[in-house]
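A quick write-up on the structure given underneath.
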Amino acid sequence: MIKMLALNIPPELEEDLIDYLLSLEAVTGFTSYETRGHGSDVTLSIAEQVSGRRKRLQFERLIEEREIQSLLDGLSTEVGKDIVYWEQAIEKLGHIV
C-alpha cells in the first residue's frame, strides 16, 4: 500500500534531512515547503511567542508502507530531534501527461 509520509521539522534540520532522504534507496523524490506551527503545546522562543507562530518545514513523500519504519528509524541518529510525522493512506495515485 502506498502512503504519504509527512515530516515536520525545525528549519535547522533541513540540510541534514535532505541529505538523509536522498541517501535512501526507497526515496526517489519528495516535496518540501515552509509552514508555521501554532499552539500551546510547544516551547517557543521570545520572537515566536510575540508572533504567535513557530517556523517549520514540511517534507512529504509517497512511499510504500513497508519502507516507512526503516526511514523513521534513522531520523533521530541521522537528522535530529523535534521531528513530527504522520502517515496518510493514498486511495488513488495517477499521473496526467
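In the C-alpha cells, each chain is lettered A, B, ... as it comes, each chain's residues begin at 1, and ligands are numbered from 1 in order of appearance.
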>> I need the residues in region 4-41 of chain A that are alpha helix (DSSP H) according to DSSP; give them as JSON, numbers by chain.
In response: {"A": [14, 15, 16, 17, 18, 19, 20, 21, 22, 23]}
> Do you know which residues are at most 12 Å from Asp82 (chain A) counting only C-alpha atoms, after dropping those on the same chain fewer than 4 positions away, and could you put them as a PyMOL selection string?
Replying inline: chain A and resi 7-13+42-43+56-57+75-76
Using C-alpha atoms, can you export the residues from the last selection as a CSV table (one decimal), in the first residue's frame?
```csv
chain,number,residue,atom,x,y,z
A,7,LEU,CA,7.8,15.0,8.2
A,8,ASN,CA,7.5,18.3,10.0
A,9,ILE,CA,10.9,19.7,11.2
A,10,PRO,CA,12.6,22.8,12.6
A,11,PRO,CA,14.4,24.8,9.9
A,12,GLU,CA,17.9,24.0,11.3
A,13,LEU,CA,17.4,20.3,10.3
A,42,VAL,CA,5.4,23.6,22.1
A,43,THR,CA,8.3,25.6,23.5
A,56,ARG,CA,8.7,24.8,10.5
A,57,LEU,CA,9.4,22.9,7.2
A,75,LEU,CA,15.7,10.0,11.7
A,76,SER,CA,17.0,10.6,15.3
```
> Which of these, A:Leu17, A:Val27, A:Val84, A:Ile96, has the shortest distance to Ile63 (chain A) once you count only C-alpha atoms?
Replying inline: A:Val27
> Residues of chain A in strand (DSSP E) according to DSSP, as JSON, numbers by chain?
Replying inline: {"A": [2, 3, 4, 5, 6, 7, 8, 9, 31, 32, 33, 34, 35, 36, 37, 54, 55, 56, 57, 58, 59, 60, 61, 62, 63, 64, 84, 85, 86, 87, 88, 89]}
>> At a cut-off of 10 Å, using only C-alpha atoms, what residues contact Ile18 (chain A)? Leave out same-chain residues fewer than 4 positions from it and give the result as a ChimeraX atom specification.
In response: /A:13-14,22-23,30,32,59,79
For the residues in the current selection, export N, CA and C atoms as a PDB file, in the first residue's frame.
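Result file is out_4.pdb:
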```
ATOM      1  N   LEU A  13      17.178  21.666  10.736  1.00  0.00           N
ATOM      2  CA  LEU A  13      17.407  20.276  10.333  1.00  0.00           C
ATOM      3  C   LEU A  13      17.266  20.062   8.825  1.00  0.00           C
ATOM      4  N   GLU A  14      16.965  21.115   8.088  1.00  0.00           N
ATOM      5  CA  GLU A  14      16.658  20.983   6.661  1.00  0.00           C
ATOM      6  C   GLU A  14      17.742  20.256   5.869  1.00  0.00           C
ATOM      7  N   LEU A  22      17.833  11.732   0.502  1.00  0.00           N
ATOM      8  CA  LEU A  22      18.468  11.428  -0.781  1.00  0.00           C
ATOM      9  C   LEU A  22      19.389  10.209  -0.709  1.00  0.00           C
ATOM     10  N   SER A  23      19.818   9.841   0.494  1.00  0.00           N
ATOM     11  CA  SER A  23      20.683   8.670   0.650  1.00  0.00           C
ATOM     12  C   SER A  23      19.903   7.358   0.667  1.00  0.00           C
ATOM     13  N   PHE A  30      10.785  13.894  -3.258  1.00  0.00           N
ATOM     14  CA  PHE A  30       9.915  14.367  -2.189  1.00  0.00           C
ATOM     15  C   PHE A  30       9.604  15.833  -2.429  1.00  0.00           C
ATOM     16  N   SER A  32       8.939  19.629  -0.433  1.00  0.00           N
ATOM     17  CA  SER A  32       9.144  20.344   0.826  1.00  0.00           C
ATOM     18  C   SER A  32       8.611  21.763   0.689  1.00  0.00           C
ATOM     19  N   PHE A  59       8.110  18.139   4.822  1.00  0.00           N
ATOM     20  CA  PHE A  59       8.542  17.279   3.731  1.00  0.00           C
ATOM     21  C   PHE A  59       7.484  16.205   3.552  1.00  0.00           C
ATOM     22  N   VAL A  79      19.413  12.711  11.472  1.00  0.00           N
ATOM     23  CA  VAL A  79      18.872  14.057  11.246  1.00  0.00           C
ATOM     24  C   VAL A  79      18.799  14.860  12.540  1.00  0.00           C
TER      25      VAL A  79
END
```
> Smallest atom-to-atom distance to Ala6 (chain A): which of A:Lys55, A:Leu72, A:Thr28, A:Lys92, using only C-alpha atoms?
Replying inline: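 The answer is A:Leu72, which sits nearest to Ala6 (chain A).
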>> Which residues are near region 66-69 of chain A? Cut-off 10 Å, only C-alpha atoms, ignore same chain within fewer than 5 positions. Put them as a PyMOL selection string.
In response: chain A and resi 1-5+25-27+74+87
Once you have the residues from the selection above, write them out as a short mmCIF file (atom, residue, chain, number, x, y, z; two decimals), in the first residue's frame, restricted to C-alpha atoms.
```cif
data_model
loop_
_atom_site.label_atom_id
_atom_site.label_comp_id
_atom_site.auth_asym_id
_atom_site.auth_seq_id
_atom_site.Cartn_x
_atom_site.Cartn_y
_atom_site.Cartn_z
CA MET A 1 0.00 0.00 0.00
CA ILE A 2 1.22 3.48 -0.89
CA LYS A 3 1.14 6.10 1.86
CA MET A 4 2.06 9.73 2.11
CA LEU A 5 4.62 10.26 4.86
CA GLU A 25 17.11 3.88 -1.99
CA ALA A 26 13.38 3.82 -1.18
CA VAL A 27 13.12 7.60 -1.62
CA GLY A 74 17.17 6.60 11.07
CA GLU A 87 1.14 8.81 7.57
#
```
> What is the CA of Tyr20 (chain A) to CA of Leu62 (chain A) distance in Å?
Replying inline: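 Rounded to one decimal, the two atoms are 16.0 Å apart.
Counting only C-alpha atoms, Thr31 (chain A) has the following residues at most 8 Å away, ignoring those fewer than 2 positions along the same chain: A:Gly29, A:Tyr33, A:Phe59, A:Glu60, A:Arg61.
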